file start_11.csv (CSV, C-alpha atoms)
chain,number,residue,atom,x,y,z
Y,1,MET,CA,0.0,0.0,0.0
Y,2,THR,CA,1.2,3.5,-0.8
Y,3,THR,CA,0.8,5.9,2.2
Y,4,PRO,CA,-0.9,9.2,1.3
Y,5,PRO,CA,1.4,12.1,1.9
Y,6,ALA,CA,-1.3,14.0,3.8
Y,7,GLN,CA,-0.9,11.4,6.6
Y,8,PHE,CA,2.7,12.4,7.0
Y,9,ASP,CA,1.9,16.1,6.7
Y,10,ALA,CA,-0.3,16.0,9.8
Y,11,LEU,CA,2.4,14.4,11.9
Y,12,ALA,CA,5.5,15.9,10.5
Y,13,GLU,CA,6.5,17.9,13.6
Y,14,ARG,CA,6.0,15.0,15.9
Y,15,TYR,CA,7.9,12.7,13.5
Y,16,ASP,CA,10.9,15.2,13.5
Y,17,ALA,CA,10.9,15.4,17.3
Y,18,TYR,CA,10.7,11.6,17.6
Y,19,ASN,CA,13.7,11.1,15.3
Y,20,ALA,CA,15.7,13.7,17.2
Y,21,VAL,CA,15.3,11.5,20.3
Y,22,ARG,CA,16.1,8.3,18.4
Y,23,ASP,CA,19.2,9.7,16.7
Y,24,ARG,CA,20.5,11.1,20.0
Y,25,LEU,CA,20.0,8.0,22.1
Y,26,ALA,CA,20.2,5.2,19.5
Y,27,PRO,CA,22.4,6.5,16.6
Y,28,ALA,CA,23.0,3.1,15.0
Y,29,THR,CA,21.3,4.0,11.7
Y,30,ALA,CA,23.4,7.1,11.3
Y,31,ARG,CA,26.6,5.2,12.1
Y,32,TRP,CA,25.7,2.5,9.7
Y,33,LEU,CA,25.1,5.0,6.9
Y,34,ALA,CA,28.2,6.9,7.6
Y,35,SER,CA,30.3,3.7,7.5
Y,36,HIS,CA,29.0,3.0,4.0
Y,37,LEU,CA,29.4,6.5,2.5
Y,38,PRO,CA,32.8,6.9,0.8
Y,39,GLY,CA,31.9,10.4,-0.7
Y,40,GLY,CA,31.7,11.5,-4.3
Y,41,ARG,CA,29.9,13.8,-6.7
Y,42,ARG,CA,26.2,13.2,-6.5
Y,43,ALA,CA,23.9,11.6,-3.9
Y,44,VAL,CA,20.1,11.2,-3.6
Y,45,ASP,CA,18.0,10.8,-0.5
Y,46,LEU,CA,14.7,9.1,-1.4
Y,47,GLY,CA,11.8,9.7,1.0
Y,48,CYS,CA,14.0,12.1,2.9
Y,49,GLY,CA,11.2,13.2,5.3
Y,50,PRO,CA,12.3,16.3,7.3
Y,51,GLY,CA,15.9,15.8,6.1
Y,52,ARG,CA,17.0,13.5,8.9
Y,53,PHE,CA,20.1,12.2,7.1
Y,54,THR,CA,20.4,14.6,4.3
Y,55,PRO,CA,23.1,16.7,6.1
Y,56,LEU,CA,25.2,13.6,6.4
Y,57,LEU,CA,25.1,13.2,2.7
Y,58,ALA,CA,25.8,16.9,2.2
Y,59,ASN,CA,29.0,16.5,4.2
Y,60,ARG,CA,30.4,13.9,1.9
Y,61,TYR,CA,29.0,14.6,-1.6
Y,62,ASP,CA,29.3,17.6,-3.9
Y,63,ARG,CA,25.6,17.7,-4.7
Y,64,VAL,CA,22.6,16.1,-3.0
Y,65,LEU,CA,19.0,15.8,-4.2
Y,66,ALA,CA,16.5,15.0,-1.5
Y,67,VAL,CA,12.9,14.2,-2.3
Y,68,ASP,CA,9.7,13.4,-0.4
Y,69,LEU,CA,6.0,13.4,-1.2
Y,70,SER,CA,5.0,15.2,2.0
Y,71,GLU,CA,4.9,19.0,1.6
Y,72,ARG,CA,5.2,19.6,5.3
Y,73,MET,CA,8.2,17.3,5.6
Y,74,ILE,CA,10.0,19.0,2.8
Y,75,ARG,CA,9.3,22.4,4.3
Y,76,ILE,CA,10.8,21.4,7.6
Y,77,ALA,CA,13.8,19.9,5.8
Y,78,GLY,CA,14.4,23.2,4.0
Y,79,GLN,CA,13.9,25.3,7.1
Y,80,ARG,CA,16.0,23.2,9.5
Y,81,ARG,CA,18.5,21.3,7.4
Y,82,SER,CA,19.3,23.6,4.5
Y,83,ARG,CA,22.8,23.2,3.0
Y,84,PRO,CA,24.3,25.1,0.0
Y,85,ASN,CA,24.8,21.8,-1.9
Y,86,VAL,CA,21.3,20.3,-1.2
Y,87,THR,CA,18.2,20.6,-3.3
Y,88,TYR,CA,14.9,19.6,-1.6
Y,89,GLU,CA,12.0,18.7,-3.9
Y,90,ARG,CA,8.5,17.5,-3.3
Y,91,ARG,CA,8.4,14.4,-5.5
Y,92,SER,CA,7.7,10.8,-5.2
Y,93,LEU,CA,10.8,8.6,-5.1
Y,94,LEU,CA,9.2,6.6,-8.0
Y,95,ASP,CA,9.3,9.7,-10.2
Y,96,LEU,CA,13.1,9.8,-10.5
Y,97,THR,CA,14.6,8.3,-13.6
Y,98,PRO,CA,18.1,8.1,-15.0
Y,99,GLY,CA,17.0,10.0,-18.1
Y,100,GLN,CA,15.6,12.9,-16.1
Y,101,ASP,CA,17.7,13.0,-13.0
Y,102,GLY,CA,20.9,11.2,-14.0
Y,103,LEU,CA,22.8,8.6,-12.0
Y,104,PHE,CA,24.1,8.9,-8.5
Y,105,ALA,CA,27.2,7.8,-6.7
Y,106,VAL,CA,25.0,6.8,-3.8
Y,107,VAL,CA,21.2,6.2,-3.5
Y,108,VAL,CA,20.0,6.3,0.1
Y,109,SER,CA,16.5,5.7,1.5
Y,110,VAL,CA,15.6,5.2,5.2
Y,111,ASN,CA,12.2,3.8,6.2
Y,112,ALA,CA,10.6,4.9,2.9
Y,113,VAL,CA,10.7,2.3,0.2
Y,114,HIS,CA,8.0,0.0,1.8
Y,115,HIS,CA,5.6,3.0,1.6
Y,116,ALA,CA,6.1,3.4,-2.2
Y,117,GLY,CA,4.5,0.2,-3.4
Y,118,HIS,CA,5.3,-3.4,-4.2
Y,119,LEU,CA,8.8,-3.8,-2.9
Y,120,PRO,CA,10.4,-5.9,-5.7
Y,121,ALA,CA,9.3,-3.3,-8.3
Y,122,VAL,CA,10.4,-0.3,-6.1
Y,123,LEU,CA,13.8,-1.9,-5.4
Y,124,ALA,CA,14.3,-2.5,-9.1
Y,125,GLN,CA,13.4,1.1,-9.9
Y,126,VAL,CA,15.6,2.8,-7.3
Y,127,GLY,CA,18.4,0.5,-8.2
Y,128,ARG,CA,18.5,1.9,-11.7
Y,129,LEU,CA,19.5,5.3,-10.3
Y,130,VAL,CA,22.9,3.9,-9.1
Y,131,ALA,CA,25.9,4.9,-11.2
Y,132,PRO,CA,28.4,2.2,-12.1
Y,133,GLY,CA,30.6,1.5,-9.1
Y,134,GLY,CA,28.0,3.3,-6.9
Y,135,ARG,CA,26.1,2.2,-3.8
Y,136,LEU,CA,22.5,1.6,-2.9
Y,137,LEU,CA,21.9,2.0,0.8
Y,138,LEU,CA,18.5,1.1,2.1
Y,139,VAL,CA,17.2,0.9,5.6
Y,140,ASP,CA,13.6,-0.1,6.2
Y,141,ILE,CA,11.0,-1.4,8.6
Y,142,VAL,CA,10.1,-5.1,8.6
Y,143,ASN,CA,7.0,-7.0,9.9
Y,144,PRO,CA,7.8,-9.4,12.8
Y,145,GLY,CA,4.4,-11.0,12.3
Y,146,GLN,CA,2.1,-9.0,14.6
Y,147,TRP,CA,1.6,-6.0,12.3
Y,148,GLY,CA,-2.2,-6.2,12.2
Y,149,ASP,CA,-2.6,-6.1,16.0
Y,150,LEU,CA,-3.3,-2.7,17.4
Y,151,ASP,CA,-2.5,-3.7,21.0
Y,152,TRP,CA,0.9,-4.9,19.8
Y,153,HIS,CA,1.7,-1.5,18.3
Y,154,VAL,CA,0.6,0.3,21.4
Y,155,GLY,CA,2.8,-2.0,23.4
Y,156,GLN,CA,5.7,-1.3,21.1
Y,157,ALA,CA,5.2,2.4,21.6
Y,158,PHE,CA,5.4,2.2,25.3
Y,159,ALA,CA,8.4,-0.3,25.1
Y,160,ALA,CA,10.2,2.3,22.9
Y,161,ALA,CA,9.3,5.1,25.4
Y,162,ARG,CA,10.7,3.0,28.3
Y,163,HIS,CA,13.9,2.2,26.3
Y,164,PHE,CA,14.6,5.9,25.6
Y,165,TYR,CA,13.6,6.9,29.1
Y,166,ASP,CA,16.3,4.5,30.4
Y,167,ALA,CA,18.9,5.3,27.7
Y,168,GLY,CA,18.6,9.0,28.5
Y,169,GLY,CA,19.0,8.5,32.2
Y,170,GLN,CA,15.3,8.8,33.1
Y,171,ASP,CA,14.7,11.3,30.3
Y,172,THR,CA,11.0,12.0,30.6
Y,173,ASP,CA,11.1,14.4,27.6
Y,174,ALA,CA,12.5,11.7,25.4
Y,175,ALA,CA,9.8,9.2,26.5
Y,176,ALA,CA,7.1,11.7,25.9
Y,177,GLU,CA,8.2,12.5,22.4
Y,178,VAL,CA,8.1,8.8,21.6
Y,179,ILE,CA,4.6,8.4,22.9
Y,180,ARG,CA,3.4,11.6,21.2
Y,181,LEU,CA,4.1,10.0,17.8
Y,182,LEU,CA,4.0,6.2,18.1
Y,183,ALA,CA,0.8,6.1,20.2
Y,184,HIS,CA,-1.0,8.9,18.3
Y,185,PRO,CA,-4.3,7.5,16.9
Y,186,ARG,CA,-3.6,8.8,13.4
Y,187,TRP,CA,-0.1,7.3,13.4
Y,188,LEU,CA,-1.5,4.0,14.6
Y,189,GLU,CA,-4.2,4.0,11.9
Y,190,MET,CA,-1.6,4.8,9.2
Y,191,THR,CA,0.8,2.1,10.5
Y,192,LEU,CA,-1.8,-0.6,10.6
Y,193,ALA,CA,-2.8,0.1,7.0
Y,194,ASP,CA,0.7,0.1,5.6
Y,195,VAL,CA,2.1,-3.3,6.2
Y,196,PRO,CA,5.8,-3.8,5.5
Y,197,PRO,CA,7.3,-7.1,4.3
Y,198,THR,CA,8.6,-9.6,6.7
Y,199,ARG,CA,12.3,-9.9,7.3
Y,200,ALA,CA,12.5,-13.0,5.2
Y,201,GLU,CA,10.6,-11.4,2.3
Y,202,TYR,CA,12.8,-8.3,2.5
Y,203,ARG,CA,16.0,-10.4,2.4
Y,204,ARG,CA,14.7,-12.4,-0.6
Y,205,TRP,CA,13.6,-9.4,-2.6
Y,206,ALA,CA,16.7,-7.4,-1.7
Y,207,TRP,CA,19.0,-10.2,-2.9
Y,208,ALA,CA,16.9,-10.7,-6.1
Y,209,ALA,CA,17.1,-7.0,-6.9
Y,210,VAL,CA,20.6,-6.3,-5.6
Y,211,PRO,CA,22.7,-9.4,-6.2
Y,212,GLY,CA,25.6,-9.6,-3.6
Y,213,ALA,CA,23.8,-7.2,-1.2
Y,214,GLU,CA,25.1,-7.1,2.4
Y,215,VAL,CA,22.1,-7.3,4.8
Y,216,THR,CA,22.3,-6.0,8.4
Y,217,ASP,CA,19.5,-6.5,10.9
Y,218,ASP,CA,18.2,-4.7,14.0
Y,219,LEU,CA,19.6,-1.1,13.6
Y,220,GLN,CA,16.9,0.2,15.9
Y,221,PRO,CA,16.5,-0.9,19.6
Y,222,LEU,CA,13.4,-3.0,19.1
Y,223,GLY,CA,14.8,-4.9,16.2
Y,224,LEU,CA,12.3,-3.9,13.4
Y,225,GLN,CA,14.8,-2.6,10.9
Y,226,THR,CA,16.9,-4.2,8.2
Y,227,ALA,CA,19.4,-2.6,5.8
Y,228,HIS,CA,21.2,-3.6,2.7
Y,229,THR,CA,23.8,-2.1,0.4
Y,230,ARG,CA,25.0,-2.7,-3.1
Y,231,PRO,CA,28.8,-2.9,-2.9
Y,232,PRO,CA,31.0,-1.1,-5.4
Y,233,GLN,CA,31.2,-2.9,-8.7
call {"tool": "encode", "arguments": {"input": "start_11.csv", "output": "structure tokens"}}
result
Amino acid sequence: MTTPPAQFDALAERYDAYNAVRDRLAPATARWLASHLPGGRRAVDLGCGPGRFTPLLANRYDRVLAVDLSERMIRIAGQRRSRPNVTYERRSLLDLTPGQDGLFAVVVSVNAVHHAGHLPAVLAQVGRLVAPGGRLLLVDIVNPGQWGDLDWHVGQAFAAARHFYDAGGQDTDAAAEVIRLLAHPRWLEMTLADVPPTRAEYRRWAWAAVPGAEVTDDLQPLGLQTAHTRPPQ
């Protein structure tokens, strides 16, 4: 299922605040990305949201294109994470093509490709944006099997809040930001309707679309993320 951008518009501020907590207290995703970014001429951030990782790309690549369908997310990114070498555009990640946009030394997407449609087709399309010798770096959510259970998601929200409360040394503000997003009725409604692939499905489709991909699991504390990369060719 493709998530309507208006859903993200309504929760953009909460999403940005939540990610600030997550990246401060559980920076594994940023560290994983940084370890796979050798630098170069052009990079693209697909489904960039409020520009969470776009500055990391801007520090290592000459030019960065960052796209997202949510108007509010792109506005926040431009206001809070503007860089001279970054262009933010309100576009679907599926709209980019080699003919129109060229090829990129690195194609990055974090927690976005499962929102865009049937994963095998999405992986094939974004893979075509990678320049020869370039890298495709994808991090995404996986379904552990209980995705359709509302109570499970509420439990996950409070488990995450407790994790960040403890990780921050009894940080009540961090815990509150987690609950404000993950237990919000609109977020829960959107999450239940947008089911990601299982870890096994993601691995199978990633290896089919990106032969030789390296797959890393559990980049976030509750173990719902997987990531893969296309190594230099």
call {"tool": "residues_around", "arguments": {"input": "start_11.csv", "residues": "stretch 83-99 of chain Y", "least_positions_apart": "5", "cutoff": "7 Å", "atoms": "only C-alpha atoms", "output": "VMD selection string"}}
result
chain Y and resid 46 to 47 58 62 to 71 74 78 129
call {"tool": "residues_around", "arguments": {"input": "start_11.csv", "residues": "Y:Leu181", "least_positions_apart": "5", "cutoff": "8 Å", "atoms": "only C-alpha atoms", "output": "list in words"}}
result
Leu11, Arg14, Tyr15, Tyr18 and Trp187 of chain Y
call {"tool": "closest_residue", "arguments": {"input": "start_11.csv", "among": "Y:Ala20, Y:Ala161, Y:Leu57, Y:Ile179", "to": "Y:Ser35", "atoms": "all atoms listed in the file"}}
result
Y:Leu57
call {"tool": "closest_residue", "arguments": {"input": "start_11.csv", "among": "Y:Val154, Y:Met73, Y:Ala208, Y:Ala193", "to": "Y:Val178", "atoms": "only C-alpha atoms"}}
result
Y:Val154
call {"tool": "atom_distance", "arguments": {"input": "start_11.csv", "atom1": "atom CA of Y:Arg22", "atom2": "atom CA of Y:Thr172"}}
result
13.7 Å
call {"tool": "closest_residue", "arguments": {"input": "start_11.csv", "among": "Y:Gln170, Y:Thr29, Y:Gln7, Y:Ser109", "to": "Y:Thr216", "atoms": "only C-alpha atoms"}}
result
Y:Thr29
call {"tool": "atom_distance", "arguments": {"input": "start_11.csv", "atom1": "atom CA of Y:Glu201", "atom2": "atom CA of Y:Val142"}}
result
8.9 Å
call {"tool": "closest_residue", "arguments": {"input": "start_11.csv", "among": "Y:Ala116, Y:Ala12, Y:Met190, Y:Ala17", "to": "Y:Trp147", "atoms": "only C-alpha atoms"}}
result
Y:Met190
call {"tool": "closest_residue", "arguments": {"input": "start_11.csv", "among": "Y:Ala160, Y:Leu137, Y:Leu25, Y:Gly102", "to": "Y:Leu123", "atoms": "all atoms listed in the file"}}
result
Y:Leu137
call {"tool": "atom_distance", "arguments": {"input": "start_11.csv", "atom1": "atom CA of Y:Glu214", "atom2": "atom CA of Y:Asn19"}}
result
25.1 Å
call {"tool": "residues_around", "arguments": {"input": "start_11.csv", "residues": "Y:Trp152", "least_positions_apart": "4", "cutoff": "12 Å", "atoms": "all atoms listed in the file", "output": "VMD selection string"}}
result
chain Y and resid 143 to 148 156 to 159 182 to 183 188 191 to 192
call {"tool": "decode", "arguments": {"input": "start_11.csv", "residues": "stretch 178-194 of chain Y", "atoms": "all heavy atoms", "output": "mmCIF file, in the first residue's frame"}}
result
data_model
loop_
_atom_site.group_PDB
_atom_site.id
_atom_site.type_symbol
_atom_site.label_atom_id
_atom_site.label_comp_id
_atom_site.auth_asym_id
_atom_site.auth_seq_id
_atom_site.Cartn_x
_atom_site.Cartn_y
_atom_site.Cartn_z
ATOM 1 N N VAL Y 178 8.396 10.062 22.175
ATOM 2 C CA VAL Y 178 8.124 8.762 21.562
ATOM 3 C C VAL Y 178 6.626 8.463 21.598
ATOM 4 O O VAL Y 178 6.024 8.070 20.589
ATOM 5 C CB VAL Y 178 8.922 7.655 22.274
ATOM 6 C CG1 VAL Y 178 8.498 6.278 21.772
ATOM 7 C CG2 VAL Y 178 10.417 7.862 22.070
ATOM 8 N N ILE Y 179 5.997 8.665 22.754
ATOM 9 C CA ILE Y 179 4.569 8.384 22.893
ATOM 10 C C ILE Y 179 3.740 9.329 22.030
ATOM 11 O O ILE Y 179 2.733 8.918 21.423
ATOM 12 C CB ILE Y 179 4.137 8.485 24.364
ATOM 13 C CG1 ILE Y 179 4.784 7.358 25.181
ATOM 14 C CG2 ILE Y 179 2.623 8.444 24.504
ATOM 15 C CD1 ILE Y 179 4.376 5.966 24.720
ATOM 16 N N ARG Y 180 4.147 10.584 21.949
ATOM 17 C CA ARG Y 180 3.376 11.553 21.160
ATOM 18 C C ARG Y 180 3.231 11.134 19.705
ATOM 19 O O ARG Y 180 2.215 11.403 19.071
ATOM 20 C CB ARG Y 180 4.034 12.931 21.231
ATOM 21 C CG ARG Y 180 3.854 13.656 22.542
ATOM 22 C CD ARG Y 180 4.337 15.092 22.462
ATOM 23 N NE ARG Y 180 4.253 15.738 23.758
ATOM 24 C CZ ARG Y 180 5.293 16.016 24.532
ATOM 25 N NH1 ARG Y 180 6.517 15.727 24.118
ATOM 26 N NH2 ARG Y 180 5.130 16.589 25.698
ATOM 27 N N LEU Y 181 4.257 10.454 19.181
ATOM 28 C CA LEU Y 181 4.148 9.982 17.802
ATOM 29 C C LEU Y 181 3.596 8.563 17.733
ATOM 30 O O LEU Y 181 2.565 8.315 17.098
ATOM 31 C CB LEU Y 181 5.506 10.023 17.099
ATOM 32 C CG LEU Y 181 5.440 9.513 15.650
ATOM 33 C CD1 LEU Y 181 4.744 10.518 14.753
ATOM 34 C CD2 LEU Y 181 6.811 9.169 15.105
ATOM 35 N N LEU Y 182 4.266 7.619 18.368
ATOM 36 C CA LEU Y 182 3.974 6.208 18.132
ATOM 37 C C LEU Y 182 2.624 5.765 18.675
ATOM 38 O O LEU Y 182 2.065 4.767 18.203
ATOM 39 C CB LEU Y 182 5.083 5.338 18.716
ATOM 40 C CG LEU Y 182 6.487 5.513 18.120
ATOM 41 C CD1 LEU Y 182 7.430 4.459 18.677
ATOM 42 C CD2 LEU Y 182 6.466 5.466 16.597
ATOM 43 N N ALA Y 183 2.075 6.482 19.669
ATOM 44 C CA ALA Y 183 0.763 6.122 20.203
ATOM 45 C C ALA Y 183 -0.334 7.066 19.729
ATOM 46 O O ALA Y 183 -1.484 6.958 20.175
ATOM 47 C CB ALA Y 183 0.802 6.100 21.738
ATOM 48 N N HIS Y 184 0.011 7.970 18.813
ATOM 49 C CA HIS Y 184 -1.002 8.893 18.282
ATOM 50 C C HIS Y 184 -2.009 8.090 17.454
ATOM 51 O O HIS Y 184 -1.621 7.264 16.626
ATOM 52 C CB HIS Y 184 -0.328 9.958 17.421
ATOM 53 C CG HIS Y 184 -1.227 11.088 17.051
ATOM 54 N ND1 HIS Y 184 -2.203 10.970 16.082
ATOM 55 C CD2 HIS Y 184 -1.304 12.364 17.518
ATOM 56 C CE1 HIS Y 184 -2.844 12.115 15.967
ATOM 57 N NE2 HIS Y 184 -2.330 12.977 16.832
ATOM 58 N N PRO Y 185 -3.309 8.314 17.623
ATOM 59 C CA PRO Y 185 -4.305 7.539 16.880
ATOM 60 C C PRO Y 185 -4.117 7.582 15.365
ATOM 61 O O PRO Y 185 -4.287 6.554 14.682
ATOM 62 C CB PRO Y 185 -5.628 8.182 17.292
ATOM 63 C CG PRO Y 185 -5.355 8.749 18.654
ATOM 64 C CD PRO Y 185 -3.934 9.217 18.607
ATOM 65 N N ARG Y 186 -3.749 8.732 14.833
ATOM 66 C CA ARG Y 186 -3.573 8.818 13.377
ATOM 67 C C ARG Y 186 -2.350 8.034 12.930
ATOM 68 O O ARG Y 186 -2.362 7.384 11.884
ATOM 69 C CB ARG Y 186 -3.452 10.284 12.948
ATOM 70 C CG ARG Y 186 -3.417 10.465 11.439
ATOM 71 C CD ARG Y 186 -3.496 11.915 11.042
ATOM 72 N NE ARG Y 186 -4.773 12.505 11.410
ATOM 73 C CZ ARG Y 186 -5.124 13.763 11.136
ATOM 74 N NH1 ARG Y 186 -4.268 14.552 10.501
ATOM 75 N NH2 ARG Y 186 -6.290 14.231 11.492
ATOM 76 N N TRP Y 187 -1.274 8.071 13.709
ATOM 77 C CA TRP Y 187 -0.073 7.295 13.384
ATOM 78 C C TRP Y 187 -0.386 5.797 13.442
ATOM 79 O O TRP Y 187 0.036 5.034 12.561
ATOM 80 C CB TRP Y 187 1.053 7.637 14.342
ATOM 81 C CG TRP Y 187 2.336 6.912 14.054
ATOM 82 C CD1 TRP Y 187 2.751 5.739 14.618
ATOM 83 C CD2 TRP Y 187 3.342 7.276 13.108
ATOM 84 N NE1 TRP Y 187 3.960 5.360 14.101
ATOM 85 C CE2 TRP Y 187 4.350 6.291 13.169
ATOM 86 C CE3 TRP Y 187 3.499 8.354 12.242
ATOM 87 C CZ2 TRP Y 187 5.496 6.347 12.372
ATOM 88 C CZ3 TRP Y 187 4.638 8.423 11.450
ATOM 89 C CH2 TRP Y 187 5.620 7.417 11.517
ATOM 90 N N LEU Y 188 -1.120 5.385 14.451
ATOM 91 C CA LEU Y 188 -1.472 3.977 14.574
ATOM 92 C C LEU Y 188 -2.354 3.528 13.409
ATOM 93 O O LEU Y 188 -2.169 2.441 12.854
ATOM 94 C CB LEU Y 188 -2.180 3.727 15.899
ATOM 95 C CG LEU Y 188 -1.302 3.807 17.150
ATOM 96 C CD1 LEU Y 188 -2.169 3.835 18.410
ATOM 97 C CD2 LEU Y 188 -0.315 2.652 17.202
ATOM 98 N N GLU Y 189 -3.285 4.357 13.016
ATOM 99 C CA GLU Y 189 -4.151 4.031 11.884
ATOM 100 C C GLU Y 189 -3.330 3.870 10.601
ATOM 101 O O GLU Y 189 -3.517 2.921 9.840
ATOM 102 C CB GLU Y 189 -5.201 5.126 11.709
ATOM 103 C CG GLU Y 189 -6.136 4.909 10.538
ATOM 104 C CD GLU Y 189 -7.095 6.076 10.335
ATOM 105 O OE1 GLU Y 189 -6.980 7.099 11.055
ATOM 106 O OE2 GLU Y 189 -7.957 5.981 9.445
ATOM 107 N N MET Y 190 -2.436 4.807 10.380
ATOM 108 C CA MET Y 190 -1.595 4.754 9.182
ATOM 109 C C MET Y 190 -0.677 3.536 9.225
ATOM 110 O O MET Y 190 -0.514 2.832 8.215
ATOM 111 C CB MET Y 190 -0.748 6.029 9.096
ATOM 112 C CG MET Y 190 0.217 6.079 7.932
ATOM 113 S SD MET Y 190 1.184 7.607 7.935
ATOM 114 C CE MET Y 190 2.237 7.353 9.359
ATOM 115 N N THR Y 191 -0.103 3.259 10.367
ATOM 116 C CA THR Y 191 0.827 2.138 10.500
ATOM 117 C C THR Y 191 0.131 0.802 10.244
ATOM 118 O O THR Y 191 0.662 -0.059 9.540
ATOM 119 C CB THR Y 191 1.452 2.146 11.902
ATOM 120 O OG1 THR Y 191 2.160 3.375 12.099
ATOM 121 C CG2 THR Y 191 2.423 0.991 12.073
ATOM 122 N N LEU Y 192 -1.039 0.628 10.800
ATOM 123 C CA LEU Y 192 -1.771 -0.622 10.620
ATOM 124 C C LEU Y 192 -2.135 -0.855 9.157
ATOM 125 O O LEU Y 192 -2.167 -1.999 8.692
ATOM 126 C CB LEU Y 192 -3.047 -0.611 11.466
ATOM 127 C CG LEU Y 192 -2.869 -0.840 12.961
ATOM 128 C CD1 LEU Y 192 -4.156 -0.502 13.706
ATOM 129 C CD2 LEU Y 192 -2.465 -2.279 13.242
ATOM 130 N N ALA Y 193 -2.398 0.224 8.422
ATOM 131 C CA ALA Y 193 -2.821 0.096 7.029
ATOM 132 C C ALA Y 193 -1.661 -0.107 6.066
ATOM 133 O O ALA Y 193 -1.868 -0.542 4.930
ATOM 134 C CB ALA Y 193 -3.608 1.344 6.620
ATOM 135 N N ASP Y 194 -0.453 0.182 6.514
ATOM 136 C CA ASP Y 194 0.714 0.149 5.619
ATOM 137 C C ASP Y 194 1.651 -0.953 6.088
ATOM 138 O O ASP Y 194 2.609 -0.719 6.805
ATOM 139 C CB ASP Y 194 1.406 1.507 5.639
ATOM 140 C CG ASP Y 194 2.350 1.691 4.465
ATOM 141 O OD1 ASP Y 194 2.458 0.760 3.641
ATOM 142 O OD2 ASP Y 194 2.970 2.753 4.362
#
